[in-house]
$ cat final.cif   # mmCIF, C-alpha atoms
data_start
#
loop_
_atom_site.group_PDB
_atom_site.id
_atom_site.type_symbol
_atom_site.label_atom_id
_atom_site.label_comp_id
_atom_site.auth_asym_id
_atom_site.auth_seq_id
_atom_site.Cartn_x
_atom_site.Cartn_y
_atom_site.Cartn_z
ATOM 1 C CA MET A 18 3.534 -8.586 -17.357
ATOM 2 C CA THR A 19 3.833 -7.915 -13.648
ATOM 3 C CA LYS A 20 7.053 -9.063 -11.995
ATOM 4 C CA LEU A 21 7.670 -9.606 -8.302
ATOM 5 C CA GLY A 22 10.656 -8.186 -6.508
ATOM 6 C CA PRO A 23 12.742 -9.956 -3.864
ATOM 7 C CA ASP A 24 10.479 -8.776 -1.052
ATOM 8 C CA GLY A 25 7.324 -9.845 -2.871
ATOM 9 C CA VAL A 26 6.125 -6.424 -4.023
ATOM 10 C CA ARG A 27 5.455 -5.323 -7.564
ATOM 11 C CA LEU A 28 7.931 -3.957 -10.059
ATOM 12 C CA PRO A 29 6.780 -1.438 -12.670
ATOM 13 C CA GLY A 30 8.336 -1.244 -16.081
ATOM 14 C CA GLY A 31 11.497 0.665 -15.247
ATOM 15 C CA THR A 32 13.519 2.668 -12.783
ATOM 16 C CA LEU A 33 12.298 6.176 -12.048
ATOM 17 C CA TYR A 34 14.726 9.028 -11.887
ATOM 18 C CA SER A 35 13.834 12.119 -9.936
ATOM 19 C CA GLY A 36 15.826 14.929 -8.399
ATOM 20 C CA GLY A 37 18.997 13.455 -9.863
ATOM 21 C CA MET A 38 18.657 10.304 -7.724
ATOM 22 C CA ALA A 39 17.497 6.834 -8.797
ATOM 23 C CA ARG A 40 14.295 5.709 -7.061
ATOM 24 C CA ASN A 41 13.559 2.103 -6.245
ATOM 25 C CA PRO A 42 10.975 1.105 -8.869
ATOM 26 C CA GLN A 43 9.268 -1.164 -6.337
ATOM 27 C CA THR A 44 8.633 1.779 -3.990
ATOM 28 C CA PRO A 45 9.007 4.869 -6.191
ATOM 29 C CA PHE A 46 7.953 7.346 -3.507
ATOM 30 C CA GLY A 47 9.293 5.520 -0.465
ATOM 31 C CA THR A 48 7.393 3.225 1.883
ATOM 32 C CA VAL A 49 6.218 5.310 4.853
ATOM 33 C CA LEU A 50 5.085 8.800 3.919
ATOM 34 C CA THR A 51 3.350 11.266 6.196
ATOM 35 C CA ALA A 52 0.861 13.703 4.718
ATOM 36 C CA MET A 53 2.257 16.807 6.435
ATOM 37 C CA VAL A 54 0.210 19.444 8.161
ATOM 38 C CA THR A 55 1.060 23.043 7.279
ATOM 39 C CA PRO A 56 2.160 25.059 10.319
ATOM 40 C CA PHE A 57 0.735 28.572 10.624
ATOM 41 C CA LYS A 58 1.732 31.492 12.793
ATOM 42 C CA PRO A 59 -0.828 32.941 15.234
ATOM 43 C CA GLU A 60 -1.833 35.663 12.756
ATOM 44 C CA GLY A 61 -2.434 33.051 10.058
ATOM 45 C CA SER A 62 0.621 33.242 7.803
ATOM 46 C CA VAL A 63 2.621 30.112 6.970
ATOM 47 C CA ASP A 64 5.369 29.429 9.501
ATOM 48 C CA TYR A 65 8.142 28.339 7.147
ATOM 49 C CA GLU A 66 10.622 27.790 9.962
ATOM 50 C CA ALA A 67 8.178 25.336 11.529
ATOM 51 C CA VAL A 68 7.614 23.720 8.113
ATOM 52 C CA ALA A 69 11.336 22.960 7.932
ATOM 53 C CA GLN A 70 11.470 21.700 11.511
ATOM 54 C CA LEU A 71 8.419 19.464 11.081
ATOM 55 C CA ALA A 72 9.805 17.964 7.877
ATOM 56 C CA SER A 73 13.092 17.205 9.605
ATOM 57 C CA ASP A 74 11.308 15.744 12.648
ATOM 58 C CA LEU A 75 9.220 13.448 10.447
ATOM 59 C CA VAL A 76 12.231 12.083 8.621
ATOM 60 C CA GLU A 77 13.991 11.512 11.939
ATOM 61 C CA LEU A 78 10.899 9.590 13.099
ATOM 62 C CA GLY A 79 11.242 7.144 10.217
ATOM 63 C CA ASN A 80 9.466 8.576 7.203
ATOM 64 C CA ASP A 81 11.298 8.000 3.932
ATOM 65 C CA GLY A 82 8.799 10.190 2.098
ATOM 66 C CA LEU A 83 6.616 13.206 2.758
ATOM 67 C CA VAL A 84 3.481 14.509 1.083
ATOM 68 C CA VAL A 85 3.128 18.279 1.179
ATOM 69 C CA ASN A 86 0.210 20.470 0.144
ATOM 70 C CA GLY A 87 -2.333 17.698 0.546
ATOM 71 C CA THR A 88 -5.669 17.789 2.337
ATOM 72 C CA THR A 89 -3.993 17.355 5.725
ATOM 73 C CA GLY A 90 -1.762 20.282 4.727
ATOM 74 C CA GLU A 91 -4.913 22.431 4.350
ATOM 75 C CA SER A 92 -4.243 22.845 0.641
ATOM 76 C CA PRO A 93 -7.730 24.261 -0.054
ATOM 77 C CA THR A 94 -6.770 27.368 1.953
ATOM 78 C CA THR A 95 -3.148 27.939 0.934
ATOM 79 C CA THR A 96 -2.294 30.061 -2.082
ATOM 80 C CA ASP A 97 -0.357 28.777 -5.066
ATOM 81 C CA GLU A 98 2.587 30.940 -4.007
ATOM 82 C CA GLU A 99 2.494 29.495 -0.484
ATOM 83 C CA LYS A 100 2.339 25.970 -1.876
ATOM 84 C CA SER A 101 5.466 26.565 -3.962
ATOM 85 C CA GLU A 102 7.361 28.027 -1.023
ATOM 86 C CA ILE A 103 6.263 25.241 1.357
ATOM 87 C CA LEU A 104 7.499 22.701 -1.167
ATOM 88 C CA ARG A 105 10.774 24.530 -1.699
ATOM 89 C CA VAL A 106 11.445 24.640 2.041
ATOM 90 C CA VAL A 107 10.728 20.923 2.471
ATOM 91 C CA VAL A 108 12.862 19.956 -0.533
ATOM 92 C CA ASP A 109 15.734 22.122 0.715
ATOM 93 C CA THR A 110 15.446 20.672 4.234
ATOM 94 C CA VAL A 111 15.015 16.931 3.655
ATOM 95 C CA GLY A 112 15.010 16.359 -0.103
ATOM 96 C CA ASP A 113 18.263 14.413 0.061
ATOM 97 C CA ARG A 114 16.828 12.111 2.768
ATOM 98 C CA ALA A 115 13.247 11.489 1.633
ATOM 99 C CA SER A 116 11.036 11.506 -1.427
ATOM 100 C CA ILE A 117 8.903 14.640 -1.599
ATOM 101 C CA VAL A 118 5.466 14.292 -3.193
ATOM 102 C CA ALA A 119 3.552 17.498 -3.882
ATOM 103 C CA GLY A 120 -0.206 17.772 -3.913
ATOM 104 C CA ALA A 121 -1.185 19.238 -7.272
ATOM 105 C CA GLY A 122 -4.780 18.131 -7.629
ATOM 106 C CA SER A 123 -7.926 20.200 -7.898
ATOM 107 C CA ASN A 124 -11.264 20.008 -9.676
ATOM 108 C CA ASP A 125 -9.955 22.317 -12.421
ATOM 109 C CA THR A 126 -7.609 20.587 -14.852
ATOM 110 C CA HIS A 127 -5.966 23.833 -15.973
ATOM 111 C CA HIS A 128 -5.262 24.836 -12.374
ATOM 112 C CA SER A 129 -3.859 21.375 -11.634
ATOM 113 C CA LEU A 130 -1.556 21.744 -14.638
ATOM 114 C CA GLU A 131 -0.225 24.995 -13.206
ATOM 115 C CA LEU A 132 0.286 23.416 -9.782
ATOM 116 C CA ALA A 133 2.031 20.404 -11.321
ATOM 117 C CA ARG A 134 4.434 22.550 -13.322
ATOM 118 C CA ALA A 135 5.193 24.699 -10.279
ATOM 119 C CA ALA A 136 5.820 21.585 -8.176
ATOM 120 C CA GLU A 137 8.169 20.166 -10.794
ATOM 121 C CA LYS A 138 10.065 23.465 -10.892
ATOM 122 C CA ALA A 139 10.345 23.469 -7.087
ATOM 123 C CA GLY A 140 11.947 20.021 -7.106
ATOM 124 C CA ALA A 141 9.139 17.603 -6.233
ATOM 125 C CA ASP A 142 9.927 13.907 -6.697
ATOM 126 C CA GLY A 143 6.286 13.133 -7.402
ATOM 127 C CA LEU A 144 2.831 14.613 -7.861
ATOM 128 C CA LEU A 145 -0.245 13.629 -5.871
ATOM 129 C CA LEU A 146 -3.382 14.082 -7.972
ATOM 130 C CA VAL A 147 -6.657 13.763 -6.113
ATOM 131 C CA THR A 148 -9.850 12.836 -7.913
ATOM 132 C CA PRO A 149 -11.565 16.077 -9.022
ATOM 133 C CA TYR A 150 -14.102 16.841 -6.336
ATOM 134 C CA TYR A 151 -17.574 18.383 -6.223
ATOM 135 C CA ASN A 152 -18.148 18.575 -9.995
ATOM 136 C CA LYS A 153 -18.358 14.725 -10.173
ATOM 137 C CA PRO A 154 -16.896 14.122 -13.648
ATOM 138 C CA PRO A 155 -17.634 10.920 -15.581
ATOM 139 C CA GLN A 156 -14.937 8.273 -15.840
ATOM 140 C CA ALA A 157 -13.919 9.540 -19.282
ATOM 141 C CA GLY A 158 -13.406 12.958 -17.721
ATOM 142 C CA LEU A 159 -11.228 11.472 -14.970
ATOM 143 C CA LEU A 160 -9.141 9.666 -17.560
ATOM 144 C CA ALA A 161 -8.658 12.862 -19.561
ATOM 145 C CA HIS A 162 -7.931 14.928 -16.433
ATOM 146 C CA PHE A 163 -5.191 12.677 -15.099
ATOM 147 C CA THR A 164 -3.546 11.928 -18.431
ATOM 148 C CA THR A 165 -3.534 15.599 -19.423
ATOM 149 C CA ILE A 166 -1.584 16.484 -16.279
ATOM 150 C CA ALA A 167 0.724 13.474 -16.547
ATOM 151 C CA ASP A 168 1.500 14.427 -20.150
ATOM 152 C CA ALA A 169 2.464 17.952 -19.146
ATOM 153 C CA THR A 170 5.441 17.208 -16.861
ATOM 154 C CA ASP A 171 8.222 14.663 -16.478
ATOM 155 C CA THR A 172 7.352 14.032 -12.813
ATOM 156 C CA PRO A 173 5.869 10.650 -11.797
ATOM 157 C CA VAL A 174 2.288 10.698 -10.571
ATOM 158 C CA MET A 175 0.503 9.138 -7.614
ATOM 159 C CA LEU A 176 -3.271 9.188 -8.022
ATOM 160 C CA TYR A 177 -5.456 9.738 -4.959
ATOM 161 C CA ASP A 178 -8.701 7.765 -5.034
ATOM 162 C CA ILE A 179 -10.925 8.994 -2.211
ATOM 163 C CA PRO A 180 -14.589 8.855 -3.244
ATOM 164 C CA GLY A 181 -15.827 9.702 0.243
ATOM 165 C CA ARG A 182 -14.462 13.226 -0.204
ATOM 166 C CA ALA A 183 -14.342 13.598 -3.963
ATOM 167 C CA GLY A 184 -17.852 12.266 -4.548
ATOM 168 C CA VAL A 185 -16.781 9.927 -7.341
ATOM 169 C CA PRO A 186 -14.494 6.861 -7.396
ATOM 170 C CA ILE A 187 -11.813 6.073 -9.933
ATOM 171 C CA ARG A 188 -13.317 2.834 -11.171
ATOM 172 C CA THR A 189 -11.265 -0.284 -11.760
ATOM 173 C CA GLU A 190 -11.319 -0.109 -15.557
ATOM 174 C CA THR A 191 -10.292 3.556 -15.429
ATOM 175 C CA LEU A 192 -7.417 2.742 -13.096
ATOM 176 C CA LEU A 193 -6.274 -0.013 -15.440
ATOM 177 C CA ARG A 194 -6.213 2.413 -18.351
ATOM 178 C CA LEU A 195 -4.395 5.023 -16.272
ATOM 179 C CA ALA A 196 -1.815 2.383 -15.292
ATOM 180 C CA GLU A 197 -0.781 2.205 -18.941
ATOM 181 C CA HIS A 198 0.559 5.765 -18.794
ATOM 182 C CA PRO A 199 4.347 5.750 -18.281
ATOM 183 C CA ARG A 200 4.254 8.435 -15.577
ATOM 184 C CA ILE A 201 1.140 7.350 -13.671
ATOM 185 C CA VAL A 202 2.821 4.800 -11.440
ATOM 186 C CA ALA A 203 0.956 4.661 -8.130
ATOM 187 C CA ASN A 204 -2.361 5.107 -6.372
ATOM 188 C CA LYS A 205 -3.006 6.381 -2.875
ATOM 189 C CA ASP A 206 -6.025 4.275 -2.048
ATOM 190 C CA ALA A 207 -8.724 5.551 0.302
ATOM 191 C CA LYS A 208 -11.639 3.801 -1.357
ATOM 192 C CA GLY A 209 -12.151 1.354 1.500
ATOM 193 C CA ASP A 210 -12.313 -1.640 -0.832
ATOM 194 C CA PRO A 211 -9.233 -3.895 -0.503
ATOM 195 C CA PHE A 212 -10.517 -6.338 -3.118
ATOM 196 C CA ALA A 213 -10.854 -3.587 -5.721
ATOM 197 C CA ALA A 214 -7.271 -2.586 -4.928
ATOM 198 C CA GLN A 215 -6.128 -6.188 -5.244
ATOM 199 C CA GLU A 216 -7.831 -6.536 -8.622
ATOM 200 C CA VAL A 217 -6.040 -3.495 -10.029
ATOM 201 C CA MET A 218 -2.694 -4.727 -8.718
ATOM 202 C CA ALA A 219 -3.319 -8.197 -10.134
ATOM 203 C CA ARG A 220 -4.136 -6.843 -13.574
ATOM 204 C CA SER A 221 -1.554 -4.057 -13.885
ATOM 205 C CA ASP A 222 1.739 -2.695 -12.603
ATOM 206 C CA MET A 223 0.002 0.063 -10.616
ATOM 207 C CA ILE A 224 1.734 0.469 -7.240
ATOM 208 C CA TYR A 225 -0.544 0.962 -4.245
ATOM 209 C CA TYR A 226 -0.088 2.988 -1.084
ATOM 210 C CA SER A 227 -2.659 2.849 1.698
ATOM 211 C CA GLY A 228 -4.279 6.242 2.080
ATOM 212 C CA ASP A 229 -6.479 5.185 4.992
ATOM 213 C CA ASP A 230 -4.760 4.558 8.319
ATOM 214 C CA ALA A 231 -7.558 2.218 9.377
ATOM 215 C CA LEU A 232 -6.688 -0.106 6.475
ATOM 216 C CA ASN A 233 -2.889 0.074 6.461
ATOM 217 C CA LEU A 234 -2.318 -3.577 7.303
ATOM 218 C CA PRO A 235 -5.209 -4.975 5.222
ATOM 219 C CA LEU A 236 -3.976 -3.120 2.138
ATOM 220 C CA LEU A 237 -0.406 -4.235 2.815
ATOM 221 C CA SER A 238 -1.692 -7.813 2.910
ATOM 222 C CA VAL A 239 -3.121 -7.574 -0.619
ATOM 223 C CA GLY A 240 -0.058 -5.958 -2.173
ATOM 224 C CA ALA A 241 0.305 -2.312 -1.153
ATOM 225 C CA VAL A 242 3.955 -1.302 -0.789
ATOM 226 C CA GLY A 243 3.509 1.323 1.901
ATOM 227 C CA PHE A 244 1.425 4.087 3.391
ATOM 228 C CA VAL A 245 0.549 7.741 2.989
ATOM 229 C CA SER A 246 -0.395 8.311 6.592
ATOM 230 C CA VAL A 247 -1.746 10.966 8.900
ATOM 231 C CA ILE A 248 -0.874 9.128 12.124
ATOM 232 C CA GLY A 249 2.666 8.985 10.744
ATOM 233 C CA HIS A 250 3.110 12.385 12.381
ATOM 234 C CA LEU A 251 3.200 10.485 15.666
ATOM 235 C CA MET A 252 4.279 6.933 14.870
ATOM 236 C CA ALA A 253 6.014 6.552 11.551
ATOM 237 C CA ASP A 254 8.484 4.349 13.410
ATOM 238 C CA ARG A 255 5.729 1.824 14.211
ATOM 239 C CA LEU A 256 4.531 1.868 10.615
ATOM 240 C CA VAL A 257 8.077 1.041 9.530
ATOM 241 C CA GLU A 258 8.190 -1.819 12.046
ATOM 242 C CA MET A 259 4.787 -3.154 10.993
ATOM 243 C CA ARG A 260 5.702 -3.196 7.313
ATOM 244 C CA SER A 261 9.042 -4.837 8.027
ATOM 245 C CA ALA A 262 7.431 -7.506 10.191
ATOM 246 C CA PHE A 263 4.798 -8.320 7.591
ATOM 247 C CA LEU A 264 7.262 -8.563 4.713
ATOM 248 C CA SER A 265 9.480 -10.790 6.858
ATOM 249 C CA GLY A 266 6.597 -13.202 7.374
ATOM 250 C CA GLU A 267 6.025 -12.190 11.012
ATOM 251 C CA VAL A 268 2.303 -11.720 10.446
ATOM 252 C CA GLU A 269 1.263 -11.970 14.099
ATOM 253 C CA GLN A 270 3.887 -9.391 15.033
ATOM 254 C CA ALA A 271 2.622 -7.091 12.289
ATOM 255 C CA ARG A 272 -0.922 -7.518 13.584
ATOM 256 C CA ALA A 273 0.157 -6.723 17.139
ATOM 257 C CA ILE A 274 1.888 -3.550 15.980
ATOM 258 C CA SER A 275 -1.190 -2.606 13.977
ATOM 259 C CA GLU A 276 -3.382 -3.115 17.034
ATOM 260 C CA SER A 277 -1.094 -0.870 19.083
ATOM 261 C CA MET A 278 -1.859 1.963 16.659
ATOM 262 C CA VAL A 279 -5.640 1.589 16.781
ATOM 263 C CA PRO A 280 -6.068 4.154 19.609
ATOM 264 C CA VAL A 281 -4.147 6.727 17.606
ATOM 265 C CA THR A 282 -6.188 6.143 14.470
ATOM 266 C CA VAL A 283 -9.366 6.484 16.522
ATOM 267 C CA GLY A 284 -8.199 9.669 18.223
ATOM 268 C CA ILE A 285 -6.782 11.370 15.159
ATOM 269 C CA MET A 286 -9.026 10.206 12.358
ATOM 270 C CA THR A 287 -12.513 9.524 13.758
ATOM 271 C CA ARG A 288 -13.324 12.302 16.222
ATOM 272 C CA THR A 289 -13.224 15.185 13.765
ATOM 273 C CA GLN A 290 -11.093 16.329 10.806
ATOM 274 C CA GLY A 291 -7.623 14.777 10.879
ATOM 275 C CA ALA A 292 -5.563 17.962 10.566
ATOM 276 C CA ILE A 293 -7.356 19.398 13.591
ATOM 277 C CA MET A 294 -6.409 16.499 15.834
ATOM 278 C CA VAL A 295 -2.871 16.082 14.501
ATOM 279 C CA LYS A 296 -2.147 19.732 15.197
ATOM 280 C CA ALA A 297 -3.646 19.370 18.667
ATOM 281 C CA ALA A 298 -1.410 16.376 19.359
ATOM 282 C CA LEU A 299 1.730 18.084 18.034
ATOM 283 C CA ASP A 300 0.892 21.164 20.088
ATOM 284 C CA ALA A 301 0.430 19.122 23.266
ATOM 285 C CA LEU A 302 3.741 17.363 22.624
ATOM 286 C CA GLY A 303 5.538 20.664 22.069
ATOM 287 C CA ARG A 304 6.507 19.696 18.539
ATOM 288 C CA ALA A 305 6.630 21.783 15.381
ATOM 289 C CA GLY A 306 3.382 21.726 13.442
ATOM 290 C CA GLY A 307 0.960 22.349 16.278
ATOM 291 C CA GLY A 308 -0.979 25.572 16.369
ATOM 292 C CA PRO A 309 -3.721 27.342 14.459
ATOM 293 C CA LEU A 310 -5.642 26.244 11.393
ATOM 294 C CA ARG A 311 -7.274 28.294 8.668
ATOM 295 C CA LEU A 312 -11.024 28.607 8.427
ATOM 296 C CA PRO A 313 -13.243 26.743 7.840
ATOM 297 C CA LEU A 314 -11.191 24.437 10.105
ATOM 298 C CA LEU A 315 -11.009 25.294 13.788
ATOM 299 C CA ALA A 316 -8.438 24.329 16.392
ATOM 300 C CA ALA A 317 -9.465 21.577 18.786
ATOM 301 C CA ASP A 318 -11.330 22.835 21.839
ATOM 302 C CA SER A 319 -10.577 21.789 25.392
ATOM 303 C CA GLU A 320 -13.069 18.913 25.347
ATOM 304 C CA GLN A 321 -11.601 17.541 22.113
ATOM 305 C CA ARG A 322 -8.086 17.824 23.541
ATOM 306 C CA GLN A 323 -9.108 15.911 26.664
ATOM 307 C CA GLN A 324 -10.665 13.182 24.522
ATOM 308 C CA LEU A 325 -7.522 13.072 22.370
ATOM 309 C CA ALA A 326 -5.328 12.589 25.433
ATOM 310 C CA ALA A 327 -7.586 9.748 26.585
ATOM 311 C CA ASP A 328 -7.548 8.168 23.120
ATOM 312 C CA LEU A 329 -3.774 8.244 22.706
ATOM 313 C CA ALA A 330 -2.810 7.096 26.208
ATOM 314 C CA PRO A 331 -3.328 3.365 25.508
ATOM 315 C CA ALA A 332 -0.862 3.697 22.608
ATOM 316 C CA GLY A 333 1.792 4.983 25.000
ATOM 317 C CA ILE A 334 1.502 8.633 23.935
ATOM 318 C CA SER A 335 1.119 10.988 26.877
ATOM 319 C CA LEU A 336 -0.265 14.426 26.053
#

$ encode --input "final.cif" --output "structure tokens"
Amino acid sequence: MTKLGPDGVRLPGGTLYSGGMARNPQTPFGTVLTAMVTPFKPEGSVDYEAVAQLASDLVELGNDGLVVNGTTGESPTTTDEEKSEILRVVVDTVGDRASIVAGAGSNDTHHSLELARAAEKAGADGLLLVTPYYNKPPQAGLLAHFTTIADATDTPVMLYDIPGRAGVPIRTETLLRLAEHPRIVANKDAKGDPFAAQEVMARSDMIYYSGDDALNLPLLSVGAVGFVSVIGHLMADRLVEMRSAFLSGEVEQARAISESMVPVTVGIMTRTQGAIMVKAALDALGRAGGGPLRLPLLAADSEQRQQLAADLAPAGISL
């Protein structure tokens, strides 16, 4: 049955080992993870030097985990070879300082298997498996998809439940069955339903990470152990402080920190696609990771950049 650790978060059945280093079973992938953008050169190729610099910058900012080759990393438009090299660069750069979770999901189970095996070979500490999108499989198909991939490698899995993009949710009973798999240990939750998340956590050892920056504190309050964030590009340090305050019982302080991040969530996540605005912000700040995107995404125009500057100013970020 579920046990509680000293800080009040959930303990799964055993310690995970990855990359030759023991992971805390309460927080198997870390606590504050940023879903990294993928830097590109002006002509469109991956800028691997900037990938390394961005990964290092994010760890210095406070991230103890990174997600690479996810949606924010423009994974739909990077090749399998690019994904492997991006992962290798990040592992080589910060793999001794942070957990590295590799996006390996698609709507083709065979392709996801190939991505998962490549990620394991490249040294990933975990796999992020998004709900298969567009083809809208039934729940039995989701169960088979995720377990087939989890059976194929020794790398622990974080599910990614995001029905707004995938078109289908991972329902509670399916999540409970998936939680029985020894390598499916966590869920990145972007369902927008904190009670559904709480029910799964109450009935299983599934570990939850908030996958929606607008609900970071609410999900923390019902048992999530951390965040897979987009605004973490800019304020992982505040996410660390908010989590620490909440777990220390300083709820009002946690709420105040959360409120201080509202302008950033609005500016990055609600105006248009998140990767567009994160890259615009990084570019304006002169940091690695700013720059072009691959079609069908377009770089922020001047009006969007002006709005972004206005949005972020109240949070103390001057573009």

$ closest_residue --input "final.cif" --among "A:Leu176, A:Leu234, A:Asp300, A:Val279" --to "A:Glu258" --atoms "all atoms listed in the file"
A:Leu234

$ resolve_selection --input "final.cif" --expression "the PyMOL selection byres ((chain A and resi 301) around 12)" --output "short mmCIF file (atom, residue, chain, number, x, y, z; two decimals) with C-alpha atoms, in the coordinates of the input"
data_model
loop_
_atom_site.label_atom_id
_atom_site.label_comp_id
_atom_site.auth_asym_id
_atom_site.auth_seq_id
_atom_site.Cartn_x
_atom_site.Cartn_y
_atom_site.Cartn_z
CA LEU A 251 3.20 10.48 15.67
CA MET A 294 -6.41 16.50 15.83
CA VAL A 295 -2.87 16.08 14.50
CA LYS A 296 -2.15 19.73 15.20
CA ALA A 297 -3.65 19.37 18.67
CA ALA A 298 -1.41 16.38 19.36
CA LEU A 299 1.73 18.08 18.03
CA ASP A 300 0.89 21.16 20.09
CA LEU A 302 3.74 17.36 22.62
CA GLY A 303 5.54 20.66 22.07
CA ARG A 304 6.51 19.70 18.54
CA ALA A 305 6.63 21.78 15.38
CA GLY A 306 3.38 21.73 13.44
CA GLY A 307 0.96 22.35 16.28
CA GLY A 308 -0.98 25.57 16.37
CA ALA A 317 -9.46 21.58 18.79
CA SER A 319 -10.58 21.79 25.39
CA ARG A 322 -8.09 17.82 23.54
CA GLN A 323 -9.11 15.91 26.66
CA LEU A 325 -7.52 13.07 22.37
CA ALA A 326 -5.33 12.59 25.43
CA LEU A 329 -3.77 8.24 22.71
CA ILE A 334 1.50 8.63 23.94
CA SER A 335 1.12 10.99 26.88
CA LEU A 336 -0.26 14.43 26.05
#

$ residues_around --input "final.cif" --residues "stretch 140-147 of chain A" --least-positions-apart "6" --cutoff "6 Å" --atoms "all atoms listed in the file" --output "ChimeraX atom specification"
/A:35,116-122,172-177

$ residues_near_point --input "final.cif" --point "(-2.0, 31.9, 10.8)" --cutoff "12 Å" --atoms "only C-alpha atoms" --output "list in words"
Thr55, Pro56, Phe57, Lys58, Pro59, Glu60, Gly61, Ser62, Val63, Asp64, Tyr65, Glu91, Thr94, Thr95, Gly306, Gly307, Gly308, Pro309, Leu310, Arg311, Leu312, Leu314, Leu315 and Ala316 of chain A

$ resolve_selection --input "final.cif" --expression "the PyMOL selection byres ((chain A and resi 131) around 12)" --output "list in words"
Asp97, Glu98, Lys100, Ser101, Gly120, Ala121, Gly122, Ser123, Asp125, Thr126, His127, His128, Ser129, Leu130, Leu132, Ala133, Arg134, Ala135, Ala136, Glu137, Lys138, Thr165, Ile166, Ala169 and Thr170 of chain A

$ write_last_selection --input "final.cif" --atoms "C-alpha atoms" --output "PDB file, keeping the file's coordinate frame"
ATOM      1  CA  ASP A  97      -0.357  28.777  -5.066  1.00  0.00           C
ATOM      2  CA  GLU A  98       2.587  30.940  -4.007  1.00  0.00           C
ATOM      3  CA  LYS A 100       2.339  25.970  -1.876  1.00  0.00           C
ATOM      4  CA  SER A 101       5.466  26.565  -3.962  1.00  0.00           C
ATOM      5  CA  GLY A 120      -0.206  17.772  -3.913  1.00  0.00           C
ATOM      6  CA  ALA A 121      -1.185  19.238  -7.272  1.00  0.00           C
ATOM      7  CA  GLY A 122      -4.780  18.131  -7.629  1.00  0.00           C
ATOM      8  CA  SER A 123      -7.926  20.200  -7.898  1.00  0.00           C
ATOM      9  CA  ASP A 125      -9.955  22.317 -12.421  1.00  0.00           C
ATOM     10  CA  THR A 126      -7.609  20.587 -14.852  1.00  0.00           C
ATOM     11  CA  HIS A 127      -5.966  23.833 -15.973  1.00  0.00           C
ATOM     12  CA  HIS A 128      -5.262  24.836 -12.374  1.00  0.00           C
ATOM     13  CA  SER A 129      -3.859  21.375 -11.634  1.00  0.00           C
ATOM     14  CA  LEU A 130      -1.556  21.744 -14.638  1.00  0.00           C
ATOM     15  CA  LEU A 132       0.286  23.416  -9.782  1.00  0.00           C
ATOM     16  CA  ALA A 133       2.031  20.404 -11.321  1.00  0.00           C
ATOM     17  CA  ARG A 134       4.434  22.550 -13.322  1.00  0.00           C
ATOM     18  CA  ALA A 135       5.193  24.699 -10.279  1.00  0.00           C
ATOM     19  CA  ALA A 136       5.820  21.585  -8.176  1.00  0.00           C
ATOM     20  CA  GLU A 137       8.169  20.166 -10.794  1.00  0.00           C
ATOM     21  CA  LYS A 138      10.065  23.465 -10.892  1.00  0.00           C
ATOM     22  CA  THR A 165      -3.534  15.599 -19.423  1.00  0.00           C
ATOM     23  CA  ILE A 166      -1.584  16.484 -16.279  1.00  0.00           C
ATOM     24  CA  ALA A 169       2.464  17.952 -19.146  1.00  0.00           C
ATOM     25  CA  THR A 170       5.441  17.208 -16.861  1.00  0.00           C
TER      26      THR A 170
END
